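Enquirer: What follows is data34.txt, made up of compact mmCIF, N, CA, C and O atoms:
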```txt
# COMPACT_ATOMS: atom_id res chain seq x y z
N ASN A 223 -58.37 37.57 -51.74
CA ASN A 223 -57.82 38.06 -50.49
C ASN A 223 -57.99 39.57 -50.42
O ASN A 223 -57.79 40.26 -51.40
N THR A 224 -58.34 40.05 -49.26
CA THR A 224 -58.46 41.48 -49.03
C THR A 224 -57.66 41.84 -47.79
O THR A 224 -57.82 41.21 -46.75
N TYR A 225 -56.78 42.80 -47.92
CA TYR A 225 -56.03 43.27 -46.77
C TYR A 225 -55.76 44.75 -46.93
O TYR A 225 -55.85 45.30 -48.03
N GLY A 226 -55.45 45.41 -45.84
CA GLY A 226 -55.18 46.84 -45.89
C GLY A 226 -55.19 47.43 -44.50
O GLY A 226 -55.10 46.73 -43.50
N GLY A 227 -55.34 48.73 -44.46
CA GLY A 227 -55.34 49.40 -43.18
C GLY A 227 -55.98 50.77 -43.31
O GLY A 227 -56.41 51.18 -44.39
N GLY A 228 -56.04 51.45 -42.18
CA GLY A 228 -56.64 52.76 -42.19
C GLY A 228 -56.42 53.48 -40.88
O GLY A 228 -55.91 52.92 -39.92
N VAL A 229 -56.81 54.73 -40.90
CA VAL A 229 -56.74 55.56 -39.70
C VAL A 229 -58.10 56.22 -39.52
O VAL A 229 -58.83 56.44 -40.49
N PHE A 230 -58.45 56.52 -38.27
CA PHE A 230 -59.72 57.18 -38.04
C PHE A 230 -59.58 58.26 -36.99
O PHE A 230 -58.68 58.25 -36.17
N LEU A 231 -60.51 59.20 -37.05
CA LEU A 231 -60.62 60.27 -36.09
C LEU A 231 -62.02 60.18 -35.49
O LEU A 231 -63.01 60.15 -36.22
N GLN A 232 -62.09 60.11 -34.16
CA GLN A 232 -63.37 59.95 -33.49
C GLN A 232 -63.58 61.07 -32.48
O GLN A 232 -62.67 61.41 -31.75
N TYR A 233 -64.79 61.60 -32.46
CA TYR A 233 -65.16 62.63 -31.51
C TYR A 233 -66.32 62.11 -30.67
O TYR A 233 -67.38 61.77 -31.21
N ASN A 234 -66.11 62.00 -29.37
CA ASN A 234 -67.17 61.55 -28.46
C ASN A 234 -68.10 62.72 -28.17
O ASN A 234 -67.68 63.72 -27.60
N ILE A 235 -69.35 62.58 -28.56
CA ILE A 235 -70.31 63.68 -28.45
C ILE A 235 -70.95 63.73 -27.06
O ILE A 235 -70.89 64.75 -26.39
N TRP A 236 -71.56 62.59 -26.66
CA TRP A 236 -72.26 62.61 -25.38
C TRP A 236 -72.64 61.20 -24.98
O TRP A 236 -73.32 60.50 -25.73
N LYS A 237 -72.20 60.72 -23.83
CA LYS A 237 -72.61 59.46 -23.20
C LYS A 237 -72.67 58.27 -24.17
O LYS A 237 -73.70 57.63 -24.32
N GLY A 238 -71.59 57.99 -24.82
CA GLY A 238 -71.51 56.85 -25.73
C GLY A 238 -71.79 57.17 -27.18
O GLY A 238 -71.49 56.37 -28.06
N LEU A 239 -72.36 58.30 -27.49
CA LEU A 239 -72.62 58.71 -28.86
C LEU A 239 -71.36 59.36 -29.43
O LEU A 239 -70.74 60.20 -28.78
N PHE A 240 -70.97 58.97 -30.64
CA PHE A 240 -69.75 59.51 -31.24
C PHE A 240 -69.90 59.70 -32.74
O PHE A 240 -70.78 59.12 -33.38
N ALA A 241 -69.03 60.54 -33.29
CA ALA A 241 -68.91 60.74 -34.74
C ALA A 241 -67.52 60.28 -35.15
O ALA A 241 -66.56 60.45 -34.40
N ARG A 242 -67.43 59.67 -36.32
CA ARG A 242 -66.14 59.12 -36.75
C ARG A 242 -65.93 59.36 -38.24
O ARG A 242 -66.84 59.24 -39.04
N THR A 243 -64.69 59.68 -38.58
CA THR A 243 -64.23 59.76 -39.96
C THR A 243 -63.07 58.79 -40.10
O THR A 243 -62.16 58.78 -39.27
N LYS A 244 -63.11 57.97 -41.15
CA LYS A 244 -62.08 56.94 -41.33
C LYS A 244 -61.62 56.91 -42.78
O LYS A 244 -62.43 56.93 -43.70
N PHE A 245 -60.30 56.89 -42.96
CA PHE A 245 -59.71 56.68 -44.28
C PHE A 245 -59.09 55.29 -44.28
O PHE A 245 -58.36 54.93 -43.37
N GLU A 246 -59.41 54.49 -45.30
CA GLU A 246 -58.80 53.18 -45.41
C GLU A 246 -58.38 52.90 -46.84
O GLU A 246 -58.95 53.44 -47.80
N LEU A 247 -57.36 52.09 -46.96
CA LEU A 247 -56.82 51.68 -48.25
C LEU A 247 -56.79 50.15 -48.24
O LEU A 247 -56.07 49.55 -47.44
N LEU A 248 -57.61 49.52 -49.08
CA LEU A 248 -57.72 48.07 -49.12
C LEU A 248 -57.18 47.54 -50.43
O LEU A 248 -57.41 48.12 -51.50
N HIS A 249 -56.45 46.44 -50.36
CA HIS A 249 -55.87 45.81 -51.55
C HIS A 249 -56.55 44.47 -51.78
O HIS A 249 -56.65 43.66 -50.86
N LEU A 250 -57.01 44.24 -53.00
CA LEU A 250 -57.64 42.99 -53.38
C LEU A 250 -56.67 42.22 -54.27
O LEU A 250 -56.10 42.78 -55.21
N SER A 251 -56.48 40.94 -53.99
CA SER A 251 -55.63 40.11 -54.83
C SER A 251 -56.23 38.71 -54.92
O SER A 251 -56.94 38.27 -54.03
N GLY A 252 -55.93 38.04 -56.00
CA GLY A 252 -56.45 36.68 -56.20
C GLY A 252 -56.98 36.52 -57.60
O GLY A 252 -56.60 37.25 -58.52
N ASP A 253 -57.90 35.57 -57.77
CA ASP A 253 -58.51 35.34 -59.07
C ASP A 253 -59.67 36.30 -59.27
O ASP A 253 -60.48 36.51 -58.36
N ASP A 254 -59.76 36.87 -60.45
CA ASP A 254 -60.83 37.82 -60.77
C ASP A 254 -62.03 37.05 -61.30
O ASP A 254 -62.14 36.79 -62.50
N ILE A 255 -62.95 36.66 -60.41
CA ILE A 255 -64.10 35.87 -60.84
C ILE A 255 -65.11 36.70 -61.62
O ILE A 255 -65.94 36.16 -62.33
N ILE A 256 -65.03 38.02 -61.52
CA ILE A 256 -65.95 38.88 -62.26
C ILE A 256 -65.59 38.89 -63.74
O ILE A 256 -66.45 38.84 -64.61
N GLN A 257 -64.29 38.92 -64.06
CA GLN A 257 -63.84 38.96 -65.45
C GLN A 257 -63.56 37.58 -66.02
O GLN A 257 -63.19 37.45 -67.17
N GLY A 258 -63.70 36.52 -65.22
CA GLY A 258 -63.45 35.15 -65.70
C GLY A 258 -64.46 34.76 -66.77
O GLY A 258 -65.61 35.19 -66.77
N ALA A 259 -64.01 33.93 -67.69
CA ALA A 259 -64.89 33.52 -68.78
C ALA A 259 -64.58 32.08 -69.17
O ALA A 259 -63.43 31.65 -69.07
N PRO A 260 -65.59 31.33 -69.62
CA PRO A 260 -65.32 29.97 -70.08
C PRO A 260 -64.58 29.99 -71.41
O PRO A 260 -64.78 30.88 -72.23
N TYR A 261 -63.70 29.03 -71.60
CA TYR A 261 -63.01 28.90 -72.89
C TYR A 261 -62.96 27.43 -73.25
O TYR A 261 -63.04 26.55 -72.41
N SER A 262 -62.85 27.17 -74.53
CA SER A 262 -62.86 25.80 -75.03
C SER A 262 -61.73 25.61 -76.03
O SER A 262 -61.94 25.68 -77.24
N PRO A 263 -60.49 25.35 -75.55
CA PRO A 263 -59.39 25.18 -76.49
C PRO A 263 -59.49 23.88 -77.29
O PRO A 263 -59.11 23.83 -78.44
N ASN A 264 -60.01 22.82 -76.71
CA ASN A 264 -60.10 21.53 -77.42
C ASN A 264 -61.45 20.85 -77.17
O ASN A 264 -61.52 19.65 -76.99
N GLY A 265 -62.51 21.63 -77.12
CA GLY A 265 -63.85 21.07 -77.00
C GLY A 265 -64.38 20.94 -75.58
O GLY A 265 -65.56 20.76 -75.40
N SER A 266 -63.52 21.02 -74.56
CA SER A 266 -64.01 20.94 -73.18
C SER A 266 -63.98 22.33 -72.56
O SER A 266 -63.02 23.07 -72.73
N TYR A 267 -65.05 22.67 -71.88
CA TYR A 267 -65.15 24.01 -71.30
C TYR A 267 -64.49 24.06 -69.93
O TYR A 267 -64.71 23.18 -69.09
N ASN A 268 -63.71 25.05 -69.73
CA ASN A 268 -63.05 25.31 -68.46
C ASN A 268 -63.23 26.78 -68.12
O ASN A 268 -63.57 27.58 -68.99
N LEU A 269 -63.01 27.12 -66.90
CA LEU A 269 -63.03 28.52 -66.50
C LEU A 269 -61.61 29.00 -66.32
O LEU A 269 -60.80 28.33 -65.69
N GLU A 270 -61.32 30.14 -66.89
CA GLU A 270 -60.01 30.76 -66.72
C GLU A 270 -60.22 32.12 -66.08
O GLU A 270 -61.03 32.92 -66.55
N PHE A 271 -59.52 32.37 -64.99
CA PHE A 271 -59.66 33.61 -64.26
C PHE A 271 -58.37 34.42 -64.38
O PHE A 271 -57.31 33.93 -64.01
N PRO A 272 -58.48 35.66 -64.84
CA PRO A 272 -57.29 36.53 -64.80
C PRO A 272 -56.97 36.90 -63.35
O PRO A 272 -57.83 36.80 -62.47
N LYS A 273 -55.75 37.29 -63.12
CA LYS A 273 -55.34 37.69 -61.77
C LYS A 273 -55.84 39.10 -61.47
O LYS A 273 -55.87 39.96 -62.33
N LEU A 274 -56.21 39.29 -60.22
CA LEU A 274 -56.74 40.58 -59.77
C LEU A 274 -55.77 41.20 -58.78
O LEU A 274 -55.34 40.56 -57.83
N ASN A 275 -55.39 42.44 -59.03
CA ASN A 275 -54.59 43.24 -58.11
C ASN A 275 -55.12 44.66 -58.18
O ASN A 275 -54.84 45.38 -59.12
N LYS A 276 -55.92 45.03 -57.19
CA LYS A 276 -56.50 46.37 -57.15
C LYS A 276 -56.34 46.94 -55.75
O LYS A 276 -56.46 46.23 -54.77
N THR A 277 -56.09 48.24 -55.69
CA THR A 277 -56.05 48.95 -54.42
C THR A 277 -57.19 49.96 -54.44
O THR A 277 -57.28 50.78 -55.35
N LEU A 278 -58.06 49.88 -53.44
CA LEU A 278 -59.25 50.72 -53.40
C LEU A 278 -59.26 51.59 -52.14
O LEU A 278 -59.16 51.07 -51.03
N PRO A 279 -59.42 52.90 -52.30
CA PRO A 279 -59.52 53.78 -51.13
C PRO A 279 -60.98 53.92 -50.69
O PRO A 279 -61.91 53.67 -51.46
N ALA A 280 -61.16 54.31 -49.44
CA ALA A 280 -62.50 54.59 -48.92
C ALA A 280 -62.38 55.68 -47.86
O ALA A 280 -61.43 55.70 -47.08
N ILE A 281 -63.32 56.60 -47.87
CA ILE A 281 -63.44 57.62 -46.82
C ILE A 281 -64.83 57.43 -46.21
O ILE A 281 -65.84 57.70 -46.85
N LEU A 282 -64.86 56.91 -44.99
CA LEU A 282 -66.11 56.62 -44.30
C LEU A 282 -66.40 57.71 -43.28
O LEU A 282 -65.56 58.04 -42.45
N VAL A 283 -67.61 58.26 -43.34
CA VAL A 283 -68.05 59.30 -42.41
C VAL A 283 -69.35 58.80 -41.78
O VAL A 283 -70.26 58.39 -42.50
N GLY A 284 -69.40 58.81 -40.45
CA GLY A 284 -70.61 58.31 -39.82
C GLY A 284 -70.69 58.59 -38.34
O GLY A 284 -69.89 59.33 -37.78
N ALA A 285 -71.69 57.98 -37.74
CA ALA A 285 -71.94 58.14 -36.30
C ALA A 285 -72.23 56.78 -35.70
O ALA A 285 -72.65 55.85 -36.39
N GLY A 286 -72.00 56.70 -34.39
CA GLY A 286 -72.23 55.43 -33.73
C GLY A 286 -72.53 55.61 -32.26
O GLY A 286 -72.58 56.73 -31.73
N TYR A 287 -72.73 54.46 -31.62
CA TYR A 287 -73.05 54.45 -30.21
C TYR A 287 -72.39 53.24 -29.56
O TYR A 287 -72.40 52.14 -30.14
N ASN A 288 -71.81 53.42 -28.38
CA ASN A 288 -71.25 52.32 -27.62
C ASN A 288 -72.37 51.64 -26.83
O ASN A 288 -72.89 52.21 -25.87
N LEU A 289 -72.75 50.43 -27.25
CA LEU A 289 -73.84 49.72 -26.59
C LEU A 289 -73.47 49.32 -25.16
O LEU A 289 -74.25 49.50 -24.25
N LEU A 290 -72.31 48.76 -25.00
CA LEU A 290 -71.81 48.39 -23.68
C LEU A 290 -70.57 49.22 -23.41
O LEU A 290 -69.72 49.37 -24.28
N ARG A 291 -70.48 49.72 -22.22
CA ARG A 291 -69.32 50.54 -21.91
C ARG A 291 -68.95 50.33 -20.45
O ARG A 291 -69.77 50.50 -19.55
N SER A 292 -67.73 49.93 -20.24
CA SER A 292 -67.19 49.83 -18.90
C SER A 292 -65.79 50.43 -18.94
O SER A 292 -65.40 51.03 -19.94
N LYS A 293 -65.03 50.22 -17.91
CA LYS A 293 -63.70 50.82 -17.85
C LYS A 293 -62.79 50.29 -18.96
O LYS A 293 -62.02 51.03 -19.54
N ASN A 294 -62.90 48.99 -19.29
CA ASN A 294 -61.99 48.38 -20.25
C ASN A 294 -62.67 47.72 -21.46
O ASN A 294 -61.99 47.13 -22.28
N PHE A 295 -63.99 47.76 -21.54
CA PHE A 295 -64.67 47.06 -22.63
C PHE A 295 -65.70 47.97 -23.30
O PHE A 295 -66.49 48.63 -22.63
N PHE A 296 -65.68 47.98 -24.65
CA PHE A 296 -66.60 48.77 -25.44
C PHE A 296 -67.18 47.91 -26.55
O PHE A 296 -66.52 47.01 -27.05
N MET A 297 -68.42 48.17 -26.93
CA MET A 297 -69.06 47.48 -28.04
C MET A 297 -69.74 48.54 -28.93
O MET A 297 -70.93 48.81 -28.79
N PRO A 298 -68.99 49.15 -29.84
CA PRO A 298 -69.56 50.20 -30.68
C PRO A 298 -70.35 49.66 -31.87
O PRO A 298 -69.98 48.66 -32.48
N VAL A 299 -71.45 50.32 -32.18
CA VAL A 299 -72.23 50.10 -33.39
C VAL A 299 -72.11 51.38 -34.19
O VAL A 299 -72.32 52.47 -33.66
N LEU A 300 -71.78 51.25 -35.47
CA LEU A 300 -71.46 52.42 -36.29
C LEU A 300 -72.15 52.31 -37.65
O LEU A 300 -72.15 51.24 -38.27
N ILE A 301 -72.75 53.40 -38.10
CA ILE A 301 -73.30 53.49 -39.45
C ILE A 301 -72.53 54.59 -40.16
O ILE A 301 -72.46 55.72 -39.68
N SER A 302 -71.92 54.22 -41.30
CA SER A 302 -71.09 55.16 -42.05
C SER A 302 -71.51 55.19 -43.51
O SER A 302 -72.21 54.31 -44.01
N TYR A 303 -71.01 56.21 -44.18
CA TYR A 303 -71.22 56.36 -45.62
C TYR A 303 -69.87 56.55 -46.28
O TYR A 303 -69.07 57.38 -45.83
N ASP A 304 -69.59 55.80 -47.33
CA ASP A 304 -68.33 55.90 -48.06
C ASP A 304 -68.45 57.02 -49.09
O ASP A 304 -69.19 56.90 -50.06
N LEU A 305 -67.71 58.09 -48.87
CA LEU A 305 -67.76 59.23 -49.78
C LEU A 305 -67.18 58.93 -51.16
O LEU A 305 -67.50 59.61 -52.13
N LEU A 306 -66.35 57.90 -51.27
CA LEU A 306 -65.72 57.56 -52.55
C LEU A 306 -66.40 56.41 -53.28
O LEU A 306 -65.88 55.94 -54.29
N HIS A 307 -67.55 55.94 -52.80
CA HIS A 307 -68.15 54.76 -53.42
C HIS A 307 -68.56 54.98 -54.87
O HIS A 307 -68.58 54.06 -55.66
N SER A 308 -68.86 56.21 -55.26
CA SER A 308 -69.24 56.47 -56.64
C SER A 308 -68.02 56.72 -57.53
O SER A 308 -68.15 56.75 -58.75
N VAL A 309 -66.85 56.85 -56.93
CA VAL A 309 -65.63 57.13 -57.70
C VAL A 309 -64.85 55.86 -58.00
O VAL A 309 -64.31 55.70 -59.08
N VAL A 310 -64.79 54.93 -57.05
CA VAL A 310 -64.02 53.70 -57.24
C VAL A 310 -64.80 52.71 -58.10
O VAL A 310 -66.00 52.86 -58.33
N ASP A 311 -64.12 51.68 -58.57
CA ASP A 311 -64.71 50.67 -59.43
C ASP A 311 -65.77 49.88 -58.66
O ASP A 311 -65.46 49.14 -57.74
N LYS A 312 -67.04 50.05 -59.03
CA LYS A 312 -68.14 49.45 -58.28
C LYS A 312 -68.18 47.93 -58.37
O LYS A 312 -68.78 47.27 -57.55
N GLN A 313 -67.50 47.34 -59.35
CA GLN A 313 -67.47 45.89 -59.44
C GLN A 313 -66.65 45.28 -58.31
O GLN A 313 -66.90 44.16 -57.91
N TYR A 314 -65.68 46.02 -57.80
CA TYR A 314 -64.74 45.45 -56.84
C TYR A 314 -64.81 46.06 -55.45
O TYR A 314 -64.22 45.54 -54.53
N THR A 315 -65.52 47.16 -55.27
CA THR A 315 -65.54 47.81 -53.97
C THR A 315 -66.22 46.93 -52.92
O THR A 315 -67.11 46.15 -53.22
N LEU A 316 -65.79 47.06 -51.68
CA LEU A 316 -66.42 46.32 -50.60
C LEU A 316 -67.69 47.01 -50.12
O LEU A 316 -68.46 46.44 -49.36
N TYR A 317 -67.89 48.26 -50.53
CA TYR A 317 -69.06 49.04 -50.12
C TYR A 317 -69.82 49.50 -51.37
O TYR A 317 -69.83 50.68 -51.71
N PRO A 318 -70.48 48.61 -52.10
CA PRO A 318 -71.10 48.99 -53.38
C PRO A 318 -72.24 49.98 -53.26
O PRO A 318 -72.49 50.74 -54.19
N HIS A 319 -72.94 50.04 -52.14
CA HIS A 319 -74.05 50.98 -51.98
C HIS A 319 -73.63 52.21 -51.19
O HIS A 319 -74.42 53.14 -51.02
N GLY A 320 -72.42 52.19 -50.67
CA GLY A 320 -71.91 53.33 -49.92
C GLY A 320 -72.20 53.30 -48.45
O GLY A 320 -71.52 53.94 -47.67
N VAL A 321 -73.21 52.55 -48.01
CA VAL A 321 -73.58 52.49 -46.60
C VAL A 321 -72.88 51.31 -45.95
O VAL A 321 -72.88 50.20 -46.48
N VAL A 322 -72.29 51.57 -44.78
CA VAL A 322 -71.55 50.53 -44.06
C VAL A 322 -72.08 50.48 -42.63
O VAL A 322 -72.18 51.51 -41.96
N VAL A 323 -72.44 49.29 -42.16
CA VAL A 323 -72.85 49.09 -40.77
C VAL A 323 -71.80 48.21 -40.12
O VAL A 323 -71.46 47.14 -40.64
N GLN A 324 -71.26 48.66 -38.99
CA GLN A 324 -70.18 47.93 -38.31
C GLN A 324 -70.55 47.72 -36.85
O GLN A 324 -71.17 48.56 -36.23
N LEU A 325 -70.13 46.56 -36.35
CA LEU A 325 -70.26 46.23 -34.93
C LEU A 325 -68.88 45.78 -34.48
O LEU A 325 -68.24 44.96 -35.13
N GLY A 326 -68.40 46.33 -33.38
CA GLY A 326 -67.07 45.99 -32.92
C GLY A 326 -67.03 45.61 -31.45
O GLY A 326 -67.97 45.86 -30.69
N PHE A 327 -65.92 45.01 -31.08
CA PHE A 327 -65.65 44.66 -29.70
C PHE A 327 -64.26 45.18 -29.36
O PHE A 327 -63.30 44.80 -30.03
N ILE A 328 -64.14 46.02 -28.37
CA ILE A 328 -62.86 46.59 -27.99
C ILE A 328 -62.63 46.29 -26.52
O ILE A 328 -63.44 46.63 -25.67
N ASN A 329 -61.52 45.63 -26.26
CA ASN A 329 -61.13 45.31 -24.88
C ASN A 329 -59.75 45.91 -24.64
O ASN A 329 -58.80 45.58 -25.34
N ILE A 330 -59.66 46.79 -23.66
CA ILE A 330 -58.39 47.45 -23.34
C ILE A 330 -57.78 46.73 -22.14
O ILE A 330 -58.39 46.64 -21.09
N PHE A 331 -56.57 46.24 -22.34
CA PHE A 331 -55.89 45.52 -21.25
C PHE A 331 -55.04 46.46 -20.43
O PHE A 331 -54.52 47.40 -20.85
```
Any chance you could put this one into structure tokens?

Expert:
Amino acid sequence: NTYGGGVFLQYNIWKGLFARTKFELLHLSGDDIIQGAPYSPNGSYNLEFPKLNKTLPAILVGAGYNLLRSKNFFMPVLISYDLLHSVVDKQYTLYPHGVVVQLGFINIF
């Protein structure tokens, strides 16, 4: 399971083009399949997974463009780079290469 939250700061540059900085804190919980190993207590092999509880930060810096834009509907495409990808544990990060591509749908009621 992955859950968390974040805040972002966005600057609209020109006609749908924008720059964004986002800080997020994500928590991973569940079975750690990376550290799991087979064991044989009585001749039969089973998999045992230790429990995983990690909190990973990310600072994403990037630029994007609103593909569709009307008064109440936006469809942004964003390419970002995680500045902390080389600092956090690369086995568990959601952004192992540092590059993140996002597509969103925003409808304002």

Enquirer: Here is a test: counting only C-alpha atoms, which residue of A:Thr224, A:Thr243, A:Ser251, A:Gln324 is nearest to Ala280 (chain A)?

Expert: A:Thr243

Enquirer: Any idea what the distance is between atom C of Trp236 (chain A) and atom C of Tyr303 (chain A)?

Expert: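 Going from atom C of Trp236 (chain A) over to atom C of Tyr303 (chain A), I get 22.0 Å.
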
Enquirer: What's the separation between CA of Phe331 (chain A) and atom C of Ser302 (chain A), in Å to one decimal place?

Expert: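 Separation between CA of Phe331 (chain A) and atom C of Ser302 (chain A): 28.9 Å.
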
Enquirer: Place a sphere of radius 4.5 Å on (-58.3, 55.1, -41.5) in the file coordinates and name every protein, DNA or RNA residue with an atom inside or on its surface, counting only N, CA, C and O atoms; give the answer as a ChimeraX atom specification.

Expert: /A:228-230,244-246

Enquirer: Closest to Leu282 (chain A) among A:Ile330, A:Val309, A:Leu231, A:Leu248, using all atoms listed in the file?

Expert: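 Under the stated criterion, the closest residue is A:Leu231.
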
Enquirer: At a cut-off of 4.5 Å, using all atoms listed in the file, what residues contact Gly326 (chain A)? Leave out same-chain residues fewer than 4 positions from it and give the result as number ranges by chain.

Expert: A: 296-298

Enquirer: Give me a file of those residues, with N, CA, C and O atoms, as a compact mmCIF listing (two decimals), in the frame of the given file.

Expert:
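And here's selection-v5.txt as it stands now:
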```txt
# COMPACT_ATOMS: atom_id res chain seq x y z
N PHE A 296 -65.68 47.98 -24.65
CA PHE A 296 -66.60 48.77 -25.44
C PHE A 296 -67.18 47.91 -26.55
O PHE A 296 -66.52 47.01 -27.05
N MET A 297 -68.42 48.17 -26.93
CA MET A 297 -69.06 47.48 -28.04
C MET A 297 -69.74 48.54 -28.93
O MET A 297 -70.93 48.81 -28.79
N PRO A 298 -68.99 49.15 -29.84
CA PRO A 298 -69.56 50.20 -30.68
C PRO A 298 -70.35 49.66 -31.87
O PRO A 298 -69.98 48.66 -32.48
```

Enquirer: Neighbours of Val323 (chain A) within 6 Å (only N, CA, C and O atoms; same-chain residues fewer than 2 positions away dropped), as a ChimeraX atom specification?

Expert: /A:300-302,321,325

Enquirer: Measure the distance from CA of His249 (chain A) to CA of Tyr225 (chain A) in Å and round it to one decimal.

Expert: 5.4 Å

Enquirer: Please identify all polymer residues within 7 Å of Leu247 (chain A), counting only C-alpha atoms, omitting same-chain residues fewer than 5 positions from it, and present them as a PyMOL selection string.

Expert: chain A and resi 226-228+277-280

Enquirer: Could you check the closest approach to Ile281 (chain A) for each of A:Ile328, A:Ile235, A:Leu305, A:Ala241 and tell me which residue wins, using all atoms listed in the file?

Expert: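 For Ile281 (chain A), the nearest of the candidates is A:Leu305.
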
Enquirer: Of the residues A:Phe327, A:Gly320, A:Asn223, A:Asn275, which is the one nearest to Phe295 (chain A), using only C-alpha atoms?

Expert: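 Of A:Phe327, A:Gly320, A:Asn223, A:Asn275, the one nearest Phe295 (chain A), counting only C-alpha atoms, is A:Phe327.
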